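Listing of data.txt, compact mmCIF, C-alpha atoms
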```txt
# COMPACT_ATOMS: atom_id res chain seq x y z
CA MET Q 1 22.05 -8.24 6.56
CA THR Q 2 25.73 -8.56 5.73
CA PRO Q 3 27.12 -11.49 3.69
CA GLU Q 4 28.93 -12.65 6.86
CA GLU Q 5 25.68 -12.69 8.83
CA LEU Q 6 23.97 -14.61 6.05
CA ALA Q 7 26.84 -17.11 5.90
CA ALA Q 8 26.58 -17.65 9.67
CA ILE Q 9 22.82 -18.25 9.45
CA GLU Q 10 23.28 -20.62 6.52
CA LYS Q 11 25.80 -22.61 8.56
CA LEU Q 12 23.34 -22.95 11.44
CA ARG Q 13 20.64 -23.94 8.96
CA ASP Q 14 22.93 -26.65 7.54
CA ASN Q 15 23.52 -27.94 11.08
CA TYR Q 16 19.79 -28.26 11.65
CA ASN Q 17 19.23 -29.84 8.24
CA SER Q 18 21.97 -32.38 8.81
CA ILE Q 19 19.83 -33.83 11.61
CA HIS Q 20 16.40 -33.07 10.17
CA ASP Q 21 17.09 -34.49 6.69
CA ASN Q 22 18.46 -37.68 8.18
CA LEU Q 23 16.00 -38.07 11.03
CA ASP Q 24 14.66 -41.44 9.83
CA ALA Q 25 18.14 -42.87 9.42
CA LEU Q 26 19.30 -41.53 12.79
CA LEU Q 27 16.25 -42.92 14.60
CA ASP Q 28 16.69 -46.27 12.87
CA ALA Q 29 20.30 -46.31 14.01
CA CYS Q 30 19.13 -45.80 17.61
CA GLY Q 31 17.24 -49.09 17.40
CA ASP Q 32 14.93 -49.50 20.38
CA ASP Q 33 16.90 -47.22 22.68
CA PRO Q 34 14.53 -44.42 23.77
CA ILE Q 35 17.31 -42.44 25.45
CA LEU Q 36 19.34 -42.29 22.24
CA LYS Q 37 16.24 -41.36 20.24
CA ARG Q 38 15.43 -38.61 22.71
CA GLN Q 39 18.97 -37.32 22.42
CA VAL Q 40 18.56 -37.07 18.63
CA GLY Q 41 15.39 -35.02 19.23
CA GLU Q 42 17.12 -32.75 21.72
CA ASN Q 43 20.05 -32.15 19.37
CA MET Q 44 17.66 -31.33 16.55
CA GLN Q 45 15.82 -28.88 18.80
CA GLU Q 46 19.06 -27.22 19.85
CA ALA Q 47 20.19 -26.84 16.23
CA LEU Q 48 16.78 -25.48 15.24
CA ARG Q 49 16.73 -23.07 18.18
CA SER Q 50 20.19 -21.66 17.30
CA TYR Q 51 19.11 -21.23 13.69
CA ASN Q 52 15.84 -19.49 14.65
CA ILE Q 53 17.59 -17.19 17.15
CA ALA Q 54 20.14 -16.15 14.50
CA GLN Q 55 17.29 -15.31 12.10
CA ASN Q 56 15.46 -13.43 14.86
CA ARG Q 57 18.57 -11.38 15.62
CA ILE Q 58 18.48 -10.05 12.06
CA LEU Q 59 14.72 -9.50 12.11
CA ASN Q 60 14.94 -7.71 15.47
CA GLN Q 61 17.62 -5.32 14.18
CA SER Q 62 14.86 -3.62 12.21
CA ALA Q 63 12.30 -3.48 15.03
CA ALA Q 64 12.95 0.24 15.66
CA LYS Q 65 12.84 1.00 11.95
CA ILE Q 66 9.49 -0.79 11.61
CA MET Q 67 8.11 1.20 14.50
CA ARG Q 68 9.33 4.46 12.90
CA LEU Q 69 7.83 3.53 9.54
CA GLY Q 70 4.54 2.61 11.16
CA LYS Q 71 4.44 5.91 13.02
CA ALA Q 72 5.32 7.82 9.84
CA ALA Q 73 2.49 6.01 8.03
CA ASP Q 74 0.01 6.92 10.78
CA GLU Q 75 1.04 10.57 10.60
CA ALA Q 76 0.95 10.61 6.80
CA GLN Q 77 -2.55 9.15 6.83
CA LYS Q 78 -3.72 11.78 9.31
CA GLU Q 79 -2.29 14.59 7.18
CA ILE Q 80 -3.84 13.21 3.99
CA ASP Q 81 -7.21 12.85 5.70
CA LYS Q 82 -6.82 16.47 6.86
CA ALA Q 83 -6.07 17.57 3.27
CA LEU Q 84 -9.32 15.90 2.17
CA GLU Q 85 -11.18 17.70 4.95
CA ASP Q 86 -9.62 21.00 3.80
CA LEU Q 87 -10.81 20.30 0.28
CA LYS Q 88 -14.32 19.67 1.55
CA ASN Q 89 -14.02 22.89 3.57
CA ILE Q 90 -13.64 24.97 0.38
CA LYS Q 91 -17.32 24.33 -0.27
CA ALA Q 92 -18.17 25.21 3.33
CA THR Q 93 -16.12 28.43 3.08
CA LEU Q 94 -17.84 29.47 -0.14
CA SER Q 95 -21.23 28.80 1.45
CA ALA Q 96 -20.21 30.93 4.45
CA ILE Q 97 -19.12 33.77 2.11
CA THR Q 98 -22.46 33.48 0.26
CA LYS Q 99 -24.26 33.74 3.56
CA ALA Q 100 -22.14 36.78 4.49
CA VAL Q 101 -22.89 38.49 1.16
CA LYS Q 102 -26.60 37.86 1.66
CA THR Q 103 -26.32 39.27 5.18
CA ILE Q 104 -24.63 42.41 3.79
CA GLY Q 105 -27.66 42.81 1.52
CA ILE Q 106 -30.00 42.56 4.47
CA ILE Q 107 -27.95 44.97 6.61
CA VAL Q 108 -27.67 47.52 3.80
CA ALA Q 109 -31.40 47.19 3.15
CA SER Q 110 -32.19 47.92 6.79
CA LEU Q 111 -30.07 51.12 6.82
CA MET I 1 -36.60 33.70 6.51
CA LYS I 2 -37.05 35.61 3.31
CA TYR I 3 -34.11 37.83 2.30
CA GLN I 4 -34.77 41.28 1.02
CA TYR I 5 -32.30 42.70 -1.46
CA HIS I 6 -31.93 46.37 -2.18
CA ALA I 7 -29.63 48.23 -4.47
CA LEU I 8 -26.39 49.25 -2.80
CA SER I 9 -24.82 52.63 -3.18
CA LYS I 10 -23.21 53.15 -6.55
CA ARG I 11 -19.69 53.09 -5.06
CA THR I 12 -20.20 49.84 -3.08
CA SER I 13 -21.90 48.23 -6.03
CA SER I 14 -19.00 49.16 -8.30
CA ARG I 15 -16.46 47.74 -5.79
CA LEU I 16 -18.38 44.49 -5.49
CA LEU I 17 -18.56 44.09 -9.23
CA ARG I 18 -14.85 44.84 -9.58
CA ALA I 19 -14.12 42.18 -6.98
CA GLY I 20 -16.33 39.74 -8.86
CA GLY I 21 -14.49 40.47 -12.09
CA PHE I 22 -11.14 40.08 -10.33
CA PHE I 23 -12.33 36.75 -8.97
CA LEU I 24 -13.38 35.56 -12.42
CA ILE I 25 -10.09 36.50 -14.05
CA ALA I 26 -8.10 34.90 -11.23
CA LEU I 27 -10.01 31.69 -11.67
CA PHE I 28 -9.77 31.88 -15.44
CA ALA I 29 -5.99 32.16 -15.16
CA PHE I 30 -5.85 28.76 -13.47
CA THR I 31 -7.32 27.08 -16.52
CA SER I 32 -4.06 27.58 -18.41
CA PHE I 33 -2.11 25.25 -16.11
CA GLY I 34 -2.11 21.73 -17.56
CA CYS I 35 -4.89 19.26 -18.03
CA VAL I 36 -6.28 18.52 -14.58
CA GLY I 37 -8.33 15.55 -15.83
CA GLU I 38 -5.28 13.81 -17.22
CA GLN I 39 -3.26 14.41 -14.06
CA LYS I 40 -6.11 13.08 -11.96
CA LYS I 41 -6.24 9.89 -14.01
CA GLN I 42 -2.47 9.43 -13.60
CA ALA I 43 -2.80 9.98 -9.86
CA GLN I 44 -5.65 7.47 -9.59
CA ASP I 45 -3.66 4.81 -11.49
CA PHE I 46 -0.63 5.48 -9.33
CA VAL I 47 -2.61 5.12 -6.11
CA LYS I 48 -4.19 1.87 -7.30
CA GLU I 49 -0.75 0.44 -7.98
CA GLY I 50 0.45 1.52 -4.53
CA SER I 51 -2.54 0.01 -2.78
CA ALA I 52 -2.31 -3.30 -4.67
CA THR I 53 1.46 -3.65 -4.16
CA SER I 54 1.30 -2.97 -0.43
CA ASP I 55 -1.67 -5.33 -0.07
CA ARG I 56 0.26 -8.13 -1.80
CA LEU I 57 3.22 -7.44 0.47
CA ALA I 58 1.07 -7.65 3.61
CA LYS I 59 -0.36 -10.98 2.42
CA TYR I 60 3.15 -12.25 1.68
CA TYR I 61 4.20 -11.51 5.26
CA ASP I 62 1.01 -13.19 6.53
CA THR I 63 1.94 -16.28 4.52
CA LEU I 64 5.47 -16.34 5.95
CA ALA I 65 4.11 -16.02 9.50
CA GLN I 66 1.66 -18.88 8.84
CA GLN I 67 4.45 -21.01 7.32
CA ARG I 68 6.47 -20.50 10.49
CA ALA I 69 3.48 -21.53 12.64
CA ASP I 70 2.99 -24.65 10.51
CA HIS I 71 6.71 -25.42 10.70
CA LEU I 72 6.45 -25.49 14.48
CA SER I 73 3.39 -27.81 14.36
CA LEU I 74 5.19 -30.27 12.08
CA THR I 75 8.37 -30.03 14.15
CA ILE I 76 6.36 -31.03 17.23
CA PHE I 77 5.15 -34.06 15.23
CA GLU I 78 8.77 -34.97 14.36
CA LEU I 79 9.84 -34.55 17.98
CA LYS I 80 7.07 -36.99 19.02
CA ARG I 81 8.88 -39.60 17.01
CA THR I 82 12.05 -39.00 19.01
CA GLY I 83 10.30 -38.87 22.39
CA SER I 84 11.77 -35.40 23.11
CA PRO I 85 9.25 -32.80 24.34
CA LEU I 86 9.25 -29.33 22.79
CA GLN I 87 11.55 -26.97 24.72
CA ASP I 88 10.17 -23.62 25.84
CA ASP I 89 13.13 -21.74 24.34
CA LEU I 90 12.43 -23.16 20.90
CA LYS I 91 8.73 -22.35 21.17
CA LYS I 92 9.63 -18.80 22.22
CA ALA I 93 12.00 -18.39 19.25
CA TYR I 94 9.19 -19.38 16.89
CA GLN I 95 6.77 -16.98 18.58
CA GLU I 96 9.27 -14.12 18.30
CA GLN I 97 9.70 -14.83 14.61
CA GLN I 98 5.96 -14.93 13.97
CA GLU I 99 5.53 -11.64 15.84
CA ALA I 100 8.34 -10.05 13.79
CA LEU I 101 6.69 -11.15 10.54
CA ALA I 102 3.26 -10.02 11.77
CA ALA I 103 4.74 -6.57 12.57
CA ARG I 104 5.95 -6.37 8.96
CA ALA I 105 2.48 -7.29 7.71
CA VAL I 106 1.01 -4.49 9.88
CA MET I 107 3.58 -2.05 8.45
CA ALA I 108 2.67 -3.04 4.87
CA ARG I 109 -1.04 -2.58 5.70
CA LYS I 110 -0.29 0.89 7.05
CA LEU I 111 1.37 1.76 3.75
CA LYS I 112 -1.78 0.48 2.02
CA GLY I 113 -3.78 2.77 4.31
CA VAL I 114 -1.71 5.75 3.15
CA TYR I 115 -2.33 4.89 -0.52
CA ASP I 116 -6.03 4.35 0.18
CA SER I 117 -6.22 7.79 1.83
CA LEU I 118 -4.44 9.32 -1.17
CA GLY I 119 -7.03 7.52 -3.30
CA LYS I 120 -9.90 9.10 -1.33
CA LEU I 121 -8.23 12.49 -1.70
CA ILE I 122 -7.95 12.19 -5.47
CA ASP I 123 -11.30 10.42 -6.02
CA TYR I 124 -13.26 13.11 -4.19
CA ASP I 125 -15.29 15.00 -6.79
CA ALA I 126 -14.29 18.42 -5.49
CA PRO I 127 -15.05 20.37 -8.73
CA SER I 128 -18.71 19.29 -8.79
CA GLU I 129 -19.11 19.80 -5.04
CA VAL I 130 -17.78 23.36 -5.21
CA SER I 131 -19.34 24.39 -8.51
CA GLY I 132 -22.84 24.72 -7.02
CA ALA I 133 -21.56 26.74 -4.06
CA VAL I 134 -19.78 29.21 -6.36
CA ASN I 135 -22.87 29.70 -8.50
CA GLU I 136 -24.82 30.49 -5.34
CA LEU I 137 -22.11 33.00 -4.38
CA LYS I 138 -22.24 34.60 -7.83
CA GLU I 139 -26.03 34.95 -7.61
CA ALA I 140 -25.76 36.40 -4.09
CA ILE I 141 -23.21 39.01 -5.27
CA GLU I 142 -25.42 39.92 -8.24
CA LYS I 143 -28.53 40.22 -6.09
CA THR I 144 -26.74 42.27 -3.46
CA ALA I 145 -25.14 44.56 -6.03
CA ASP I 146 -28.34 44.53 -8.10
CA LYS I 147 -26.20 44.12 -11.25
CA LYS I 148 -25.00 41.23 -13.40
CA LEU I 149 -21.37 40.17 -13.00
CA THR I 150 -19.29 40.86 -16.07
CA ILE I 151 -15.71 40.20 -17.10
CA PRO I 152 -13.95 43.56 -17.51
CA ASP I 153 -13.09 44.40 -21.12
CA VAL I 154 -14.77 41.24 -22.40
CA ALA I 155 -18.24 41.95 -23.66
CA GLY I 156 -20.84 39.45 -24.80
CA VAL I 157 -19.42 36.53 -22.78
CA ASP I 158 -21.64 34.72 -20.29
CA PRO I 159 -19.62 34.81 -17.04
CA LYS I 160 -21.59 31.87 -15.64
CA VAL I 161 -20.08 29.43 -18.16
CA ILE I 162 -16.56 30.73 -17.63
CA LEU I 163 -17.01 30.90 -13.88
CA ASP I 164 -18.20 27.31 -13.75
CA LYS I 165 -15.24 26.04 -15.79
CA ALA I 166 -12.73 28.22 -13.98
CA VAL I 167 -13.92 27.12 -10.54
CA LYS I 168 -13.93 23.46 -11.49
CA ASP I 169 -10.41 23.77 -12.91
CA PHE I 170 -9.17 25.70 -9.92
CA VAL I 171 -10.50 23.21 -7.37
CA GLY I 172 -9.23 20.34 -9.51
CA TRP I 173 -5.82 22.01 -9.62
CA TYR I 174 -5.88 22.57 -5.87
CA GLN I 175 -6.86 18.91 -5.35
CA ILE I 176 -3.94 17.71 -7.51
CA ARG I 177 -1.65 20.09 -5.65
CA GLN I 178 -2.72 18.60 -2.30
CA PHE I 179 -2.24 15.10 -3.72
CA ARG I 180 1.26 15.90 -4.99
CA LYS I 181 2.16 17.53 -1.70
CA ASN I 182 1.27 14.33 0.17
CA THR I 183 2.68 11.65 -2.16
CA PRO I 184 6.29 12.04 -0.92
CA LYS I 185 5.04 10.89 2.50
CA ALA I 186 4.11 7.52 1.00
CA GLN I 187 7.38 7.46 -0.89
CA ILE I 188 9.46 7.81 2.28
CA ILE I 189 7.67 4.84 3.87
CA LEU I 190 7.94 2.84 0.64
CA ASP I 191 11.69 3.47 0.46
CA GLY I 192 12.07 2.24 4.03
CA ILE I 193 10.03 -0.90 3.36
CA TYR I 194 11.98 -1.61 0.16
CA GLN I 195 15.30 -1.37 1.98
CA LEU I 196 14.02 -3.60 4.76
CA PHE I 197 12.73 -6.23 2.33
CA ASP I 198 15.94 -6.16 0.33
CA SER I 199 18.11 -6.65 3.43
CA GLU I 200 15.97 -9.48 4.82
CA LYS I 201 15.00 -11.23 1.58
CA GLU I 202 17.30 -14.23 2.21
CA ILE I 203 15.59 -14.94 5.53
CA TYR I 204 12.18 -14.81 3.83
CA LEU I 205 13.36 -17.38 1.31
CA GLN I 206 14.79 -19.59 4.06
CA ILE I 207 11.44 -19.52 5.88
CA SER I 208 9.60 -20.52 2.71
CA LYS I 209 12.05 -23.24 1.77
CA ASP I 210 12.07 -24.62 5.33
CA TYR I 211 8.29 -24.87 5.09
CA ASN I 212 8.57 -26.69 1.73
CA LYS I 213 11.09 -29.07 3.21
CA ILE I 214 9.15 -29.96 6.35
CA THR I 215 5.91 -30.48 4.40
CA TYR I 216 7.87 -32.73 2.02
CA THR I 217 9.46 -34.83 4.81
CA THR I 218 6.08 -35.10 6.56
CA ALA I 219 4.29 -36.21 3.37
CA LYS I 220 7.09 -38.71 2.69
CA TYR I 221 6.87 -40.11 6.21
CA LEU I 222 3.10 -40.46 6.03
CA TYR I 223 3.30 -42.09 2.62
CA GLU I 224 5.98 -44.54 3.72
CA HIS I 225 3.80 -45.43 6.69
CA ASP I 226 0.80 -46.13 4.45
CA GLN I 227 -1.16 -43.10 5.61
CA LEU I 228 -1.46 -41.58 2.13
CA ASN I 229 -2.62 -42.90 -1.20
CA GLY I 230 0.21 -42.22 -3.63
CA THR I 231 -1.54 -43.75 -6.62
CA SER I 232 -3.63 -40.57 -6.89
CA PHE I 233 -0.58 -39.21 -8.72
CA PHE I 234 -1.74 -41.39 -11.64
CA GLN I 235 -5.36 -40.27 -11.53
CA GLN I 236 -4.95 -37.57 -14.22
CA TYR I 237 -3.57 -40.15 -16.70
CA VAL I 238 -6.23 -42.82 -16.17
CA GLU I 239 -9.33 -40.68 -15.84
CA ILE I 240 -9.26 -39.90 -19.58
CA TYR I 241 -10.09 -43.63 -19.98
CA GLY I 242 -12.84 -43.34 -17.40
CA LEU I 243 -10.85 -45.21 -14.73
CA GLN I 244 -10.37 -44.52 -11.03
CA VAL I 245 -7.27 -45.47 -9.01
CA TYR I 246 -7.83 -47.62 -5.90
CA GLN I 247 -8.16 -45.58 -2.73
CA ALA I 248 -5.88 -47.94 -0.87
CA PRO I 249 -2.16 -47.88 0.05
CA THR I 250 0.04 -49.48 -2.60
CA THR I 251 2.45 -52.34 -1.92
CA ASP I 252 4.21 -52.13 -5.29
CA PRO I 253 7.84 -51.02 -4.60
CA VAL I 254 8.18 -49.42 -8.08
CA ILE I 255 5.12 -47.26 -7.50
CA LYS I 256 6.35 -46.37 -3.99
CA ALA I 257 9.76 -45.27 -5.31
CA TYR I 258 8.12 -43.28 -8.10
CA VAL I 259 5.82 -41.43 -5.67
CA ILE I 260 8.75 -40.56 -3.35
CA ASP I 261 10.66 -39.20 -6.38
CA MET I 262 7.60 -37.18 -7.39
CA LEU I 263 7.39 -35.68 -3.89
CA ALA I 264 11.03 -34.61 -4.12
CA GLU I 265 10.37 -33.06 -7.53
CA LYS I 266 7.35 -31.24 -6.15
CA GLN I 267 9.46 -29.82 -3.33
CA LYS I 268 11.97 -28.46 -5.86
CA GLU I 269 9.11 -26.92 -7.82
CA LEU I 270 7.76 -25.30 -4.63
CA ASN I 271 11.21 -23.89 -3.87
CA THR I 272 11.32 -22.28 -7.31
CA ILE I 273 7.84 -20.81 -6.71
CA SER I 274 8.98 -19.49 -3.31
CA GLU I 275 11.94 -17.77 -4.95
CA LYS I 276 9.76 -16.27 -7.67
CA GLN I 277 7.24 -15.02 -5.09
CA ARG I 278 9.98 -13.37 -3.05
CA ASP I 279 11.58 -11.80 -6.13
CA GLY I 280 8.14 -10.76 -7.40
CA GLN I 281 7.47 -8.83 -4.18
CA LEU I 282 10.80 -7.01 -4.44
CA ALA I 283 10.22 -6.25 -8.13
CA GLY I 284 6.74 -4.92 -7.30
CA LEU I 285 8.18 -2.58 -4.67
CA ALA I 286 10.92 -1.45 -7.09
CA LYS I 287 8.30 -0.75 -9.78
CA LEU I 288 6.25 1.29 -7.33
CA LYS I 289 9.37 3.26 -6.35
CA LYS I 290 9.92 4.00 -10.05
CA THR I 291 6.29 5.12 -10.43
CA HIS I 292 6.82 7.53 -7.52
CA GLU I 293 9.98 8.92 -9.11
CA ASP I 294 8.28 9.32 -12.51
CA PHE I 295 5.38 11.09 -10.83
CA LEU I 296 7.74 13.55 -9.13
CA LEU I 297 9.72 14.07 -12.36
CA ARG I 298 6.46 14.84 -14.18
CA ARG I 299 5.70 17.35 -11.44
CA LYS I 300 9.08 19.02 -11.93
CA HIS I 301 8.53 19.12 -15.68
CA GLU I 302 5.03 20.59 -15.24
CA LYS I 303 6.38 23.23 -12.84
CA GLU I 304 8.93 24.28 -15.44
CA THR I 305 6.21 24.42 -18.12
CA ALA I 306 3.99 26.42 -15.76
CA ASN I 307 6.79 28.93 -15.14
CA LYS I 308 7.22 29.39 -18.90
CA THR I 309 3.45 29.84 -19.30
CA ALA I 310 3.41 32.39 -16.47
CA HIS I 311 5.93 34.52 -18.37
CA SER I 312 3.67 34.53 -21.42
CA ILE I 313 0.60 35.77 -19.48
CA PRO I 314 -0.38 39.33 -20.50
CA LYS I 315 0.74 42.11 -18.11
CA SER I 316 -2.84 42.83 -17.06
CA VAL I 317 -3.25 39.42 -15.46
CA GLU I 318 0.40 38.74 -14.57
CA ASN I 319 -0.15 39.55 -10.92
CA LEU I 320 -2.96 37.04 -10.72
CA THR I 321 -0.80 33.90 -11.09
CA PRO I 322 -2.13 30.98 -9.00
CA THR I 323 -2.31 31.01 -5.26
CA PRO I 324 -4.23 28.23 -3.51
CA THR I 325 -6.68 30.62 -1.85
CA ILE I 326 -9.69 32.36 -3.30
CA THR I 327 -9.82 35.99 -2.26
CA ILE I 328 -12.55 38.46 -2.83
CA ALA I 329 -11.22 41.93 -2.09
CA VAL I 330 -14.42 43.77 -1.26
```
Mind turning the file's structure into structure tokens?
Amino acid sequence: MTPEELAAIEKLRDNYNSIHDNLDALLDACGDDPILKRQVGENMQEALRSYNIAQNRILNQSAAKIMRLGKAADEAQKEIDKALEDLKNIKATLSAITKAVKTIGIIVASL
Amino acid sequence: MKYQYHALSKRTSSRLLRAGGFFLIALFAFTSFGCVGEQKKQAQDFVKEGSATSDRLAKYYDTLAQQRADHLSLTIFELKRTGSPLQDDLKKAYQEQQEALAARAVMARKLKGVYDSLGKLIDYDAPSEVSGAVNELKEAIEKTADKKLTIPDVAGVDPKVILDKAVKDFVGWYQIRQFRKNTPKAQIILDGIYQLFDSEKEIYLQISKDYNKITYTTAKYLYEHDQLNGTSFFQQYVEIYGLQVYQAPTTDPVIKAYVIDMLAEKQKELNTISEKQRDGQLAGLAKLKKTHEDFLLRRKHEKETANKTAHSIPKSVENLTPTPTITIAV
């Protein structure tokens, strides 16, 4: 995120806070007028929506990167699990060689 | 089935024994390359750090996602006071944000999965597993050749003891080699996550501080509307005298003003904690990056040391410098 992008988000956040932090005072100023009160609510929602969308724009910039990292992690895990299997296979290979050596003994004996 | 062993021809028997000797020397040569036990311990510590750091990161993202969900709930409550219903666009923006944070938590958990797999790789007791199999092989060769295996030019040494140590060291070395080969994979993902966190850290702090603010304004509203008992703030000071505060809303304006001030102070305190948590996550990732770099530097240093050691190996065994495969040239 660039400093300019951050400054823009902070500005939108300030807009939202200017309504949110003074909500009680603004509603009091509306008196008993439900239309005015509703308008305060709608303005707060609009300010909040703009702020959230600006944040989301930054978060969504990295969506592809997150997918790539996730895929890389999946592949890395598979390869590490394979390395463990290979390590376990050393024992299996040695056992197979032992069996082969024993078989040689039997074959030679039968000659 | 019972095996029957018979003496082989003199020539075959001699070849088999030579191969056995070759095998022993090759394995023995591996024992001169660093202390496997120490490297294994370093690797285990390193993996534990990686797993714990990525787990903390995943939980941090979970917390942010939950804070965003709670922010929406409390916003709906505030909107009730204005009479304005929640707009679909705003709800959607919150959902998108929660999904984005959840995706980051999943990514952090995947990194944890990589460290956990590296942990399984290094924790596996390969030397003990293989040791038995090699002894069986040695006995099979001896029975087939009808002669005891010996180390050429070294008389009076029990090959079984050397064989056992050499095999354990070789497999341990191979295990460390596999571990080192795979650690850069975790490092690449870690670097990516670090960069991402660093570039988005201000948004994370905003999310946390927004949550602190809306919980503060909600608590203040509830307190001002006599829905909370603010005198509980004093409980810790009076209970040492065995007293209990009344569980009823206060009407005293001084107490009311004090409680509101205390709420504001608490919010500031929570903001400081949020900042420390965010910075702590970044510092944890930076520390893990450093551990990775140190681990690779150690590897480079050990490679250099190994090369020097290889030059000092006598000519007779020079051609037997380590290869990751065991070969028996019968």
Produce the centre coordinates and the three edge lengths, each in Å to one decimal, of the box along x, y and z that contains all listed atoms of range 69-82 of chain Q with 4 Å added on each side, as lines of an AutoDock Vina configuration file.
```
center_x = 0.3
center_y = 9.5
center_z = 8.5
size_x = 23.0
size_y = 21.9
size_z = 17.0
```
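Minimum atom-to-atom distance to Asp74 in chain Q, evaluated using only C-alpha atoms, belongs to I:Val106 out of I:Ile240, I:Leu263, I:Val106, I:Ile122.
Among the candidates Q:Asp81, Q:Glu4, Q:Asp32, Q:Asp14, the residue lying nearest to chain I is Q:Asp81 (atoms considered: all atoms listed in the file).
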Residues of range 2-105 of chain Q within 10 Å of range 61-85 of chain I: nearest atom pair and distance (Å, one decimal) for each, counting only C-alpha atoms, sorted by chain and number, as a tab-separated table?
```
residue	atom	partner	partner_atom	distance
Q:His20	CA	I:Glu78	CA	8.9
Q:Leu23	CA	I:Glu78	CA	8.5
Q:Asp24	CA	I:Arg81	CA	9.4
Q:Leu26	CA	I:Thr82	CA	9.9
Q:Leu27	CA	I:Thr82	CA	7.2
Q:Cys30	CA	I:Thr82	CA	9.9
Q:Pro34	CA	I:Gly83	CA	7.1
Q:Ile35	CA	I:Gly83	CA	8.4
Q:Leu36	CA	I:Thr82	CA	8.6
Q:Lys37	CA	I:Thr82	CA	5.0
Q:Arg38	CA	I:Ser84	CA	4.9
Q:Gln39	CA	I:Ser84	CA	7.5
Q:Val40	CA	I:Thr82	CA	6.8
Q:Gly41	CA	I:Thr82	CA	5.2
Q:Glu42	CA	I:Ser84	CA	6.1
Q:Asn43	CA	I:Ser84	CA	9.6
Q:Met44	CA	I:Leu79	CA	8.6
Q:Gln45	CA	I:Leu79	CA	8.3
Q:Leu48	CA	I:Thr75	CA	9.6
```
Mind writing the picked residues with C-alpha atoms as a compact mmCIF listing (two decimals), in the coordinates of the input?
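Ended up saving to selection-v8.txt:
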```txt
# COMPACT_ATOMS: atom_id res chain seq x y z
CA HIS Q 20 16.40 -33.07 10.17
CA LEU Q 23 16.00 -38.07 11.03
CA ASP Q 24 14.66 -41.44 9.83
CA LEU Q 26 19.30 -41.53 12.79
CA LEU Q 27 16.25 -42.92 14.60
CA CYS Q 30 19.13 -45.80 17.61
CA PRO Q 34 14.53 -44.42 23.77
CA ILE Q 35 17.31 -42.44 25.45
CA LEU Q 36 19.34 -42.29 22.24
CA LYS Q 37 16.24 -41.36 20.24
CA ARG Q 38 15.43 -38.61 22.71
CA GLN Q 39 18.97 -37.32 22.42
CA VAL Q 40 18.56 -37.07 18.63
CA GLY Q 41 15.39 -35.02 19.23
CA GLU Q 42 17.12 -32.75 21.72
CA ASN Q 43 20.05 -32.15 19.37
CA MET Q 44 17.66 -31.33 16.55
CA GLN Q 45 15.82 -28.88 18.80
CA LEU Q 48 16.78 -25.48 15.24
```
Could the residues of chain Q that have an atom at most 8 Å from chain I be listed as a tab-separated table, each with its closest atom pair and the distance in Å to one decimal, counting only C-alpha atoms and ordered by chain and ascending residue number?
```
residue	atom	partner	partner_atom	distance
Q:Met1	CA	I:Ser199	CA	5.3
Q:Leu6	CA	I:Glu202	CA	7.7
Q:Asp21	CA	I:Thr217	CA	7.9
Q:Leu27	CA	I:Thr82	CA	7.2
Q:Pro34	CA	I:Gly83	CA	7.1
Q:Lys37	CA	I:Thr82	CA	5.0
Q:Arg38	CA	I:Ser84	CA	4.9
Q:Gln39	CA	I:Ser84	CA	7.5
Q:Val40	CA	I:Thr82	CA	6.8
Q:Gly41	CA	I:Thr82	CA	5.2
Q:Glu42	CA	I:Ser84	CA	6.1
Q:Gln45	CA	I:Leu90	CA	7.0
Q:Glu46	CA	I:Leu90	CA	7.8
Q:Leu48	CA	I:Leu90	CA	7.5
Q:Arg49	CA	I:Leu90	CA	5.1
Q:Asn52	CA	I:Ala93	CA	6.1
Q:Ile53	CA	I:Ala93	CA	6.1
Q:Gln55	CA	I:Ile203	CA	6.8
Q:Asn56	CA	I:Gln97	CA	5.9
Q:Ile58	CA	I:Glu200	CA	7.7
Q:Leu59	CA	I:Ala100	CA	6.6
Q:Asn60	CA	I:Ala100	CA	7.2
Q:Ser62	CA	I:Leu196	CA	7.5
Q:Ala63	CA	I:Ala100	CA	7.8
Q:Ile66	CA	I:Met107	CA	6.8
Q:Leu69	CA	I:Ile189	CA	5.8
Q:Gly70	CA	I:Met107	CA	5.5
Q:Ala72	CA	I:Ile189	CA	7.1
Q:Ala73	CA	I:Lys110	CA	5.9
Q:Asp74	CA	I:Lys110	CA	7.1
Q:Ala76	CA	I:Lys185	CA	5.9
Q:Gln77	CA	I:Val114	CA	5.1
Q:Glu79	CA	I:Asn182	CA	7.9
Q:Ile80	CA	I:Ser117	CA	6.3
Q:Asp81	CA	I:Ser117	CA	6.4
Q:Ala83	CA	I:Gln178	CA	6.6
Q:Leu84	CA	I:Leu121	CA	5.3
Q:Leu87	CA	I:Ala126	CA	7.0
Q:Lys88	CA	I:Ala126	CA	7.2
Q:Ile90	CA	I:Val130	CA	7.1
Q:Lys91	CA	I:Val130	CA	5.1
Q:Leu94	CA	I:Ala133	CA	6.1
Q:Ser95	CA	I:Ala133	CA	5.9
Q:Ile97	CA	I:Leu137	CA	7.2
Q:Thr98	CA	I:Leu137	CA	4.7
Q:Val101	CA	I:Ala140	CA	6.3
Q:Lys102	CA	I:Ala140	CA	6.0
Q:Ile104	CA	I:Thr144	CA	7.6
Q:Gly105	CA	I:Thr144	CA	5.1
Q:Ile106	CA	I:Gln4	CA	6.0
Q:Val108	CA	I:Leu8	CA	6.9
Q:Ala109	CA	I:His6	CA	5.4
```
Interatomic distance (Å, one decimal) between CA of Ser54 in chain I and CA of Lys65 in chain Q: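 About the pair CA of Ser54 in chain I and CA of Lys65 in chain Q: they are 17.4 Å apart.
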